[in-house]
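File shown here: start-v8.cif, holding mmCIF, C-alpha atoms.
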data_protein
loop_
_atom_site.label_atom_id
_atom_site.label_comp_id
_atom_site.auth_asym_id
_atom_site.auth_seq_id
_atom_site.Cartn_x
_atom_site.Cartn_y
_atom_site.Cartn_z
CA MET A 1 55.23 -44.90 73.15
CA PHE A 2 57.90 -46.00 70.68
CA TRP A 3 59.21 -43.37 68.30
CA LEU A 4 61.79 -43.16 65.52
CA LYS A 5 62.13 -40.14 63.25
CA THR A 6 65.24 -41.24 61.37
CA LYS A 7 65.27 -43.09 58.07
CA ILE A 8 68.08 -45.67 58.29
CA ILE A 9 70.09 -46.74 55.25
CA GLU A 10 72.65 -49.49 55.84
CA GLY A 11 75.11 -51.68 53.97
CA LYS A 12 78.59 -51.57 52.49
CA GLY A 13 78.88 -48.68 50.07
CA SER A 14 75.66 -47.05 51.30
CA LEU A 15 77.48 -43.70 51.48
CA ARG A 16 76.65 -43.35 47.77
CA THR A 17 72.97 -42.88 48.66
CA LEU A 18 73.98 -39.40 49.81
CA SER A 19 73.53 -38.24 46.20
CA GLU A 20 69.83 -39.21 46.36
CA GLU A 21 69.27 -37.77 49.85
CA VAL A 22 70.61 -34.30 48.94
CA GLY A 23 68.56 -34.03 45.76
CA GLY A 24 66.70 -30.71 45.64
CA TYR A 25 69.04 -28.96 48.10
CA GLU A 26 71.40 -26.18 47.02
CA ARG A 27 73.94 -25.53 49.77
CA VAL A 28 75.20 -28.49 51.80
CA LEU A 29 77.55 -28.15 54.76
CA ILE A 30 79.52 -31.21 55.88
CA LEU A 31 80.89 -31.30 59.43
CA SER A 32 83.58 -33.96 59.37
CA SER A 33 86.10 -35.54 61.70
CA GLY A 34 89.75 -35.33 60.67
CA SER A 35 89.91 -39.11 60.25
CA MET A 36 87.15 -39.08 57.62
CA LYS A 37 89.20 -36.57 55.63
CA ARG A 38 92.38 -38.64 56.00
CA HIS A 39 90.70 -41.87 54.90
CA GLY A 40 89.09 -40.26 51.83
CA PHE A 41 85.45 -40.54 52.94
CA LEU A 42 84.99 -36.78 53.11
CA SER A 43 86.02 -36.28 49.46
CA GLU A 44 83.81 -39.26 48.49
CA ALA A 45 80.85 -37.63 50.25
CA GLU A 46 81.62 -34.27 48.61
CA ASP A 47 81.64 -35.96 45.17
CA TYR A 48 78.20 -37.54 45.77
CA ILE A 49 76.79 -34.15 46.78
CA ARG A 50 78.22 -32.42 43.70
CA GLU A 51 76.79 -35.25 41.59
CA ALA A 52 73.38 -34.26 42.92
CA GLY A 53 73.96 -30.70 41.70
CA ALA A 54 74.40 -29.05 45.12
CA GLY A 55 77.18 -26.78 46.32
CA VAL A 56 79.21 -28.28 49.15
CA PHE A 57 81.28 -26.76 51.96
CA SER A 58 83.19 -28.68 54.61
CA ILE A 59 84.42 -28.02 58.14
CA THR A 60 86.93 -30.57 59.47
CA GLY A 61 89.08 -31.11 62.52
CA LEU A 62 86.36 -30.68 65.14
CA PRO A 63 87.42 -31.33 68.76
CA ALA A 64 87.03 -34.87 70.13
CA GLU A 65 84.49 -33.67 72.72
CA PRO A 66 81.67 -31.39 71.53
CA SER A 67 81.37 -28.19 73.51
CA VAL A 68 79.20 -25.10 73.70
CA GLU A 69 82.31 -23.05 72.87
CA THR A 70 82.88 -24.95 69.58
CA VAL A 71 79.26 -24.39 68.56
CA GLU A 72 79.50 -20.66 69.34
CA GLU A 73 82.72 -20.43 67.32
CA LEU A 74 81.20 -22.11 64.24
CA LEU A 75 77.81 -20.36 64.20
CA PRO A 76 78.97 -17.09 62.53
CA LYS A 77 80.43 -19.13 59.63
CA LEU A 78 77.09 -20.90 59.12
CA ARG A 79 75.04 -17.72 59.29
CA GLU A 80 77.26 -15.39 57.29
CA GLU A 81 79.46 -17.53 55.06
CA PHE A 82 77.89 -20.95 54.32
CA ARG A 83 74.12 -20.39 54.83
CA PRO A 84 73.41 -24.14 54.25
CA ASP A 85 69.96 -25.58 53.59
CA LEU A 86 71.16 -29.08 54.57
CA LEU A 87 73.66 -30.32 57.16
CA VAL A 88 75.68 -33.54 56.94
CA ALA A 89 77.54 -34.89 59.98
CA LEU A 90 80.32 -37.29 58.95
CA GLY A 91 82.19 -38.73 61.92
CA GLY A 92 81.75 -39.98 65.47
CA GLY A 93 79.09 -39.11 68.01
CA SER A 94 80.89 -35.87 68.86
CA VAL A 95 80.64 -34.60 65.29
CA ILE A 96 76.95 -35.57 65.10
CA ASP A 97 76.19 -33.94 68.46
CA THR A 98 77.94 -30.75 67.32
CA ALA A 99 75.88 -30.74 64.10
CA LYS A 100 72.65 -31.18 66.09
CA ALA A 101 73.47 -28.22 68.34
CA LEU A 102 74.49 -26.09 65.34
CA LYS A 103 71.14 -26.91 63.73
CA VAL A 104 69.31 -25.61 66.82
CA PHE A 105 71.10 -22.26 67.04
CA TYR A 106 71.32 -21.79 63.25
CA ASP A 107 67.57 -22.27 62.80
CA ALA A 108 66.60 -20.53 66.06
CA PRO A 109 69.23 -17.81 66.68
CA GLU A 110 67.17 -16.24 69.46
CA LEU A 111 67.84 -19.22 71.78
CA ASN A 112 70.75 -19.63 74.17
CA PHE A 113 72.20 -22.85 75.56
CA GLU A 114 71.21 -22.31 79.19
CA GLU A 115 67.50 -21.92 78.43
CA ILE A 116 67.10 -25.09 76.33
CA ALA A 117 69.63 -27.47 77.94
CA PHE A 118 68.78 -29.97 80.66
CA ILE A 119 71.14 -28.55 83.26
CA ASP A 120 69.66 -30.97 85.79
CA ARG A 121 66.52 -33.06 86.29
CA PHE A 122 64.89 -30.43 88.46
CA SER A 123 65.10 -27.70 85.82
CA LYS A 124 62.49 -27.13 83.11
CA PRO A 125 64.20 -26.15 79.89
CA LYS A 126 62.43 -24.13 77.23
CA PRO A 127 61.23 -26.42 74.39
CA VAL A 128 63.16 -26.30 71.13
CA PRO A 129 60.91 -24.77 68.43
CA LYS A 130 60.23 -26.31 65.01
CA LEU A 131 63.50 -26.47 63.05
CA LYS A 132 63.75 -26.48 59.27
CA THR A 133 67.28 -27.53 58.25
CA LYS A 134 67.55 -31.20 57.29
CA LEU A 135 70.28 -33.22 59.02
CA ILE A 136 71.93 -36.37 57.65
CA ALA A 137 74.14 -38.32 60.07
CA ILE A 138 76.85 -40.68 58.83
CA PRO A 139 78.58 -42.25 61.86
CA SER A 140 82.19 -43.38 61.59
CA THR A 141 82.33 -44.89 65.08
CA SER A 142 80.05 -47.52 66.59
CA GLY A 143 78.86 -46.44 69.99
CA ALA A 144 77.12 -43.13 70.61
CA GLY A 145 73.85 -43.85 68.78
CA SER A 146 73.68 -40.12 68.07
CA GLU A 147 72.65 -40.85 64.46
CA VAL A 148 69.13 -41.73 65.70
CA SER A 149 68.87 -40.10 69.12
CA ALA A 150 67.02 -36.91 70.02
CA ALA A 151 69.83 -35.68 72.27
CA SER A 152 72.96 -33.63 71.81
CA VAL A 153 75.48 -33.96 74.63
CA LEU A 154 77.68 -30.88 74.99
CA LYS A 155 80.42 -30.00 77.44
CA LYS A 156 80.40 -26.73 79.30
CA ASN A 157 83.19 -26.09 81.80
CA GLY A 158 84.18 -29.78 81.71
CA VAL A 159 80.68 -31.07 82.53
CA LYS A 160 78.29 -32.66 80.02
CA TYR A 161 74.72 -31.42 79.57
CA ASN A 162 71.94 -32.49 77.19
CA ILE A 163 69.78 -30.72 74.67
CA VAL A 164 66.85 -33.11 74.16
CA SER A 165 64.27 -32.59 71.43
CA GLN A 166 62.68 -34.60 68.64
CA GLU A 167 63.59 -31.64 66.43
CA ILE A 168 67.29 -32.51 66.53
CA ALA A 169 67.03 -36.24 65.76
CA PRO A 170 68.65 -36.71 62.33
CA ASP A 171 66.31 -37.09 59.36
CA VAL A 172 68.52 -39.75 57.76
CA ALA A 173 71.27 -42.05 59.10
CA ILE A 174 73.61 -43.73 56.64
CA LEU A 175 75.38 -46.75 58.16
CA ASP A 176 78.24 -47.67 55.84
CA PRO A 177 80.40 -50.32 57.58
CA ARG A 178 83.47 -49.25 55.59
CA LEU A 179 83.75 -46.19 57.85
CA PRO A 180 84.15 -47.89 61.26
CA MET A 181 86.90 -50.08 59.78
CA THR A 182 89.11 -46.99 60.22
CA MET A 183 88.62 -46.90 64.03
CA PRO A 184 91.77 -47.49 66.10
CA ARG A 185 91.42 -50.43 68.51
CA GLU A 186 91.00 -48.19 71.56
CA VAL A 187 88.17 -46.21 69.95
CA ALA A 188 86.50 -49.46 68.83
CA ARG A 189 86.74 -50.74 72.41
CA ASN A 190 85.43 -47.61 74.13
CA SER A 191 82.58 -47.10 71.68
CA GLY A 192 81.72 -50.82 71.64
CA LEU A 193 81.50 -50.98 75.42
CA ASP A 194 79.31 -47.86 75.30
CA VAL A 195 76.87 -49.88 73.15
CA LEU A 196 76.72 -52.52 75.90
CA VAL A 197 75.99 -49.91 78.57
CA HIS A 198 73.34 -48.31 76.34
CA GLY A 199 71.66 -51.69 75.89
CA ILE A 200 71.75 -52.75 79.53
CA GLU A 201 70.67 -49.36 80.88
CA ALA A 202 67.88 -48.92 78.31
CA TYR A 203 66.53 -52.39 79.20
CA THR A 204 66.43 -51.63 82.91
CA THR A 205 65.00 -48.09 83.10
CA LYS A 206 61.60 -47.28 84.57
CA VAL A 207 60.18 -46.47 81.11
CA ALA A 208 61.46 -49.43 79.05
CA ASN A 209 58.85 -51.10 76.82
CA ASP A 210 58.61 -54.20 74.64
CA PHE A 211 59.73 -52.37 71.52
CA SER A 212 62.78 -50.70 73.10
CA ASP A 213 63.56 -54.03 74.83
CA ALA A 214 63.86 -55.80 71.47
CA MET A 215 66.46 -53.28 70.24
CA ALA A 216 68.33 -53.29 73.57
CA ILE A 217 68.58 -57.09 73.77
CA LYS A 218 69.76 -57.43 70.16
CA ALA A 219 72.45 -54.80 70.79
CA ILE A 220 73.61 -56.49 74.04
CA LYS A 221 73.82 -59.93 72.39
CA THR A 222 75.74 -58.46 69.45
CA VAL A 223 78.35 -56.88 71.75
CA PHE A 224 79.02 -60.16 73.57
CA ALA A 225 79.19 -62.03 70.24
CA PHE A 226 81.25 -59.59 68.17
CA LEU A 227 83.05 -56.90 70.20
CA GLU A 228 86.27 -58.82 70.75
CA ARG A 229 86.52 -59.88 67.11
CA SER A 230 85.87 -56.29 66.08
CA LEU A 231 88.84 -55.19 68.22
CA GLU A 232 91.03 -57.42 66.06
CA GLY A 233 89.75 -55.58 62.98
CA ASP A 234 87.42 -58.36 61.76
CA GLU A 235 85.32 -56.78 58.99
CA LYS A 236 82.09 -58.68 59.65
CA ALA A 237 82.34 -58.02 63.40
CA ARG A 238 82.88 -54.28 62.80
CA GLU A 239 79.78 -54.23 60.61
CA LYS A 240 77.68 -56.03 63.25
CA MET A 241 78.90 -53.65 65.98
CA HIS A 242 78.08 -50.66 63.76
CA TYR A 243 74.45 -51.72 63.44
CA ALA A 244 74.27 -52.67 67.13
CA ALA A 245 75.27 -49.12 68.07
CA THR A 246 72.28 -47.76 66.17
CA MET A 247 69.94 -50.38 67.67
CA ALA A 248 71.08 -49.40 71.15
CA GLY A 249 70.55 -45.76 70.15
CA ILE A 250 66.95 -46.53 69.17
CA ALA A 251 66.50 -48.34 72.51
CA PHE A 252 67.68 -45.42 74.64
CA LEU A 253 65.92 -42.86 72.44
CA ASN A 254 62.73 -44.44 73.74
CA ALA A 255 63.68 -45.96 77.11
CA ARG A 256 66.36 -43.45 78.17
CA LEU A 257 69.38 -44.41 80.27
CA GLY A 258 70.39 -44.70 83.93
CA LEU A 259 72.93 -44.03 86.64
CA SER A 260 76.07 -45.19 84.78
CA HIS A 261 75.45 -42.46 82.23
CA ALA A 262 74.55 -39.82 84.82
CA MET A 263 77.82 -40.55 86.63
CA SER A 264 79.98 -40.71 83.50
CA HIS A 265 78.56 -37.39 82.24
CA LYS A 266 79.66 -35.69 85.45
CA ALA A 267 83.07 -37.39 85.35
CA ALA A 268 83.63 -36.38 81.72
CA TRP A 269 86.84 -34.54 82.67
CA ILE A 270 88.48 -37.87 83.60
CA GLY A 271 88.41 -39.69 80.27
CA PRO A 272 86.46 -40.94 77.23
CA HIS A 273 82.72 -41.36 77.78
CA GLY A 274 82.42 -45.01 76.67
CA LEU A 275 85.39 -46.03 78.80
CA LEU A 276 83.97 -44.33 81.93
CA ASN A 277 80.62 -46.04 81.31
CA ALA A 278 82.33 -49.44 81.08
CA ILE A 279 84.21 -48.82 84.35
CA LEU A 280 81.08 -47.68 86.20
CA LEU A 281 78.55 -50.22 84.87
CA PRO A 282 79.44 -53.20 87.14
CA TYR A 283 79.10 -51.03 90.26
CA VAL A 284 75.75 -49.66 89.10
CA ILE A 285 74.42 -53.14 88.25
CA GLU A 286 75.36 -54.41 91.72
CA PHE A 287 73.87 -51.31 93.39
CA ASN A 288 70.57 -51.50 91.46
CA ALA A 289 70.22 -55.27 91.95
CA SER A 290 70.83 -54.97 95.70
CA LYS A 291 68.06 -52.37 96.06
CA SER A 292 65.33 -53.27 93.57
CA GLU A 293 63.37 -56.40 92.75
CA TYR A 294 62.45 -54.85 89.39
CA ALA A 295 66.13 -54.28 88.56
CA ARG A 296 67.03 -57.87 89.53
CA LYS A 297 64.21 -59.21 87.36
CA ARG A 298 65.34 -57.14 84.36
CA TYR A 299 69.02 -58.11 84.77
CA ASP A 300 67.92 -61.76 85.12
CA GLU A 301 66.05 -61.46 81.80
CA ILE A 302 69.17 -60.11 80.07
CA ALA A 303 71.20 -62.94 81.63
CA ARG A 304 68.81 -65.59 80.26
CA GLU A 305 69.03 -64.07 76.77
CA LEU A 306 72.80 -64.65 77.03
CA ASN A 307 72.30 -68.23 78.31
CA LEU A 308 73.37 -67.19 81.79
CA LYS A 309 71.59 -68.07 85.04
CA ASP A 310 70.88 -64.71 86.69
CA TRP A 311 72.02 -61.13 87.30
CA ARG A 312 75.08 -62.28 89.26
CA GLU A 313 76.33 -64.23 86.24
CA LEU A 314 75.58 -61.21 84.03
CA LEU A 315 77.64 -59.04 86.38
CA ARG A 316 80.50 -61.53 86.20
CA GLU A 317 80.36 -61.58 82.38
CA VAL A 318 80.41 -57.77 82.20
CA LYS A 319 83.46 -57.66 84.51
CA GLU A 320 85.24 -60.37 82.52
CA LEU A 321 84.57 -58.60 79.22
CA ASN A 322 86.11 -55.44 80.71
CA LEU A 323 89.16 -57.45 81.77
CA ARG A 324 89.57 -59.08 78.36
CA ALA A 325 89.23 -55.68 76.68
CA ASN A 326 91.92 -54.22 79.01
CA VAL A 327 89.62 -51.62 80.55
CA PRO A 328 91.74 -49.74 83.10
CA LYS A 329 90.75 -48.97 86.68
CA LEU A 330 89.51 -45.46 87.38
CA SER A 331 92.62 -44.90 89.52
CA GLU A 332 94.75 -45.39 86.38
CA LEU A 333 93.03 -42.42 84.70
CA VAL A 334 93.18 -39.81 87.47
CA ASP A 335 95.28 -39.24 90.59
CA GLY A 336 93.67 -39.63 94.02
CA GLU A 337 94.11 -36.03 95.15
CA THR A 338 92.38 -34.57 92.08
CA PHE A 339 89.63 -37.20 92.21
CA MET A 340 88.88 -36.63 95.90
CA ALA A 341 88.85 -32.86 95.43
CA ARG A 342 86.09 -33.17 92.83
CA LEU A 343 84.19 -36.14 94.28
CA GLU A 344 81.51 -34.21 96.19
CA ASP A 345 80.76 -31.96 93.21
CA MET A 346 80.52 -34.96 90.83
CA ALA A 347 78.17 -36.83 93.17
CA GLN A 348 75.91 -33.79 93.61
CA LYS A 349 75.75 -33.20 89.85
CA ALA A 350 75.19 -36.89 89.03
CA TYR A 351 72.30 -36.94 91.52
CA ARG A 352 70.75 -33.99 89.69
CA ASP A 353 71.43 -35.41 86.18
CA GLY A 354 68.26 -35.97 84.12
CA LEU A 355 69.05 -39.65 83.52
CA THR A 356 69.13 -40.46 87.24
CA ALA A 357 65.33 -40.09 87.20
CA PHE A 358 65.06 -43.12 84.87
CA ASN A 359 67.36 -45.39 86.88
CA PRO A 360 65.43 -48.28 88.51
CA VAL A 361 66.66 -47.09 91.92
CA GLU A 362 66.58 -43.51 93.20
CA PRO A 363 70.06 -43.07 94.70
CA THR A 364 71.14 -40.58 97.36
CA VAL A 365 74.11 -38.27 96.87
CA LYS A 366 75.95 -40.34 99.50
CA GLU A 367 75.31 -43.58 97.58
CA ILE A 368 76.55 -42.04 94.32
CA LYS A 369 79.67 -40.86 96.14
CA GLU A 370 80.24 -44.40 97.44
CA LEU A 371 79.85 -45.81 93.91
CA TYR A 372 82.46 -43.37 92.57
CA LEU A 373 84.80 -44.37 95.41
CA LYS A 374 84.27 -48.10 94.82
CA ALA A 375 85.00 -47.62 91.12
CA TYR A 376 88.11 -45.60 91.97
CA ARG A 377 89.41 -48.22 94.38
CA GLY A 378 88.47 -51.05 92.01
CA GLU A 379 86.59 -52.85 94.80
#
Kindly return the structure encoded in the file as structure tokens.
Amino acid sequence: MFWLKTKIIEGKGSLRTLSEEVGGYERVLILSSGSMKRHGFLSEAEDYIREAGAGVFSITGLPAEPSVETVEELLPKLREEFRPDLLVALGGGSVIDTAKALKVFYDAPELNFEEIAFIDRFSKPKPVPKLKTKLIAIPSTSGAGSEVSAASVLKKNGVKYNIVSQEIAPDVAILDPRLPMTMPREVARNSGLDVLVHGIEAYTTKVANDFSDAMAIKAIKTVFAFLERSLEGDEKAREKMHYAATMAGIAFLNARLGLSHAMSHKAAWIGPHGLLNAILLPYVIEFNASKSEYARKRYDEIARELNLKDWRELLREVKELNLRANVPKLSELVDGETFMARLEDMAQKAYRDGLTAFNPVEPTVKEIKELYLKAYRGE
């Protein structure tokens, strides 16, 4: 099956279509990152909503990493003060993920996080019921794919968990390439490398199909062609990367992801998600290719799309891109004592992560531990 709920509007200046999309609604709540306020895009969005005749309220300055605690803190404001009939998420994947979770608990106040979240792949969460509040996502970064995905990734006690439901996929995504032009280089790098990992993992899962493959391959090729130029602030390259992020999001919405993501979710306390994914990906590629003919075949297919010979050349290219983008070693992000103290717990949790089930190889806890150690040592 291939599925996409979200209507996608793209192009420079497409933010103005917000005035059409909010037509008929009365109370609109915008959740915005601080950067969108600083760069004037929040006030621009507010103007378009007022133009449409709706009342608008805004919450800014959300934390960089969405958490259950943030959602619980904001919910009383939504229920008692704002009472919106439409939500707009203006910012990075974290802002969009927060808006998705708010939508769940605003529309279905009887639910709690533990009963609907995928705590691990062996648990059976309660399904999210039908939700009524419309959600428009306007991403300002180019990586998470949250503007089209049916998942909200939230931190609880330093570990990331998923709420997964078609009900939380945004109804509309507006991709205005003016917004990602505001990304600092480091954010553009981390989110851009996340797109690459999304593409490669979505292409190599057990449930990939021809339709998700098309989106994954296009996203992968775009990263290799445009990421480095986008890091220099090239306008066209930023635009291409912005669309690639959404394509990769559509790919993993349908084909899911693999072990790199499972491991980075459980190492979320170490650093930014996209950066951890980039560090872990080469080790996961090598591990999967050494264990599975299917994985080798799929990596070979990606390699040929990039005019490379096979999976080994793909692995080399991924490593070289990391080097050129100045991706640090894991040991530069966390000290050895802290890392070793948490290693066993991370490996156990990564093994139980829902995405591990879609990886082309079923790893053991010991093998995951070894992969973390290899990444830490930079072997």
With only C-alpha atoms counted and 6 Å as the cut-off, give the residues of segment 183-265 of chain A in contact with segment 272-275 of chain A, each with its shortest interatomic distance in Å and the pair that gives it, as a tab-separated table.
residue	atom	partner	partner_atom	distance
A:Asn190	CA	A:Gly274	CA	4.7
A:Ser191	CA	A:Gly274	CA	5.4
A:Asp194	CA	A:Gly274	CA	4.4
Give me a file of those residues, with C-alpha atoms, as a compact mmCIF listing (two decimals), in the coordinates of the input.
# COMPACT_ATOMS: atom_id res chain seq x y z
CA ASN A 190 85.43 -47.61 74.13
CA SER A 191 82.58 -47.10 71.68
CA ASP A 194 79.31 -47.86 75.30
Matched chain/residue IDs from the PyMOL selection byres ((chain A and resi 136) around 12), as number ranges by chain: A: 5-9, 15, 17-22, 28-31, 45, 85-91, 95-97, 99-100, 103, 133-135, 137-139, 146-148, 168-175
Point-to-point distance in Å for atom CA of Thr338 of chain A and atom CA of Ser152 of chain A: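 Taking atom CA of Ser152 of chain A and atom CA of Thr338 of chain A, their separation equals 28.1 Å.
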Picked residues, the PyMOL selection byres ((chain A and resi 359) around 8), as a PyMOL selection string: chain A and resi 201+204-206+257-259+355-358+360-362
Output check: residues returned by the PyMOL selection byres ((chain A and resi 364) around 12), as a PyMOL selection string: chain A and resi 259+287+347-352+356-357+361-363+365-371
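Atom to atom, atom CA of Asp345 of chain A and atom CA of Leu281 of chain A stand 20.2 Å apart.
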May I have a table of the residues of segment 178-244 of chain A lying at most 9 Å from segment 297-304 of chain A, giving each one's closest pair of atoms and their distance in Å to one decimal, counting only C-alpha atoms, ordered by chain and ascending residue number, as a tab-separated table?
residue	atom	partner	partner_atom	distance
A:Ile200	CA	A:Ile302	CA	7.8
A:Tyr203	CA	A:Arg298	CA	7.1
A:Thr204	CA	A:Arg298	CA	5.8
A:Ile217	CA	A:Ile302	CA	7.0
A:Ile220	CA	A:Ile302	CA	8.3
A:Lys221	CA	A:Ile302	CA	9.0
Distance criterion (only C-alpha atoms): nearest to Met183 of chain A out of A:Pro127, A:Pro109, A:Gly378, A:Gly92: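 Result for the nearest residue to Met183 of chain A: A:Gly92.
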Atom pair atom CA of Ala245 of chain A / atom CA of Ser264 of chain A: separation (Å):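 Separation of atom CA of Ala245 of chain A and atom CA of Ser264 of chain A: 18.2 Å.
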Pick from A:Val153, A:Leu330, A:Met1, A:Leu193, whichever lies nearest to Ala208 of chain A using all atoms listed in the file: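 Between A:Val153, A:Leu330, A:Met1, A:Leu193, the residue approaching Ala208 of chain A most closely is A:Met1.
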Could you work out an axis-aligned box for segment 193-204 of chain A, taking every atom the file lists and adding 3 Å on each side, and report centre and edge lengths in Å to one decimal, as JSON?
{"center_x": 74.0, "center_y": -50.3, "center_z": 78.0, "size_x": 21.1, "size_y": 10.9, "size_z": 15.8}
Closest of A:Ala202, A:Val164, A:Leu231, A:Ala267 to Pro184 of chain A - atom-to-atom distances counting all atoms listed in the file: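 Smallest separation from Pro184 of chain A among the options: A:Leu231.
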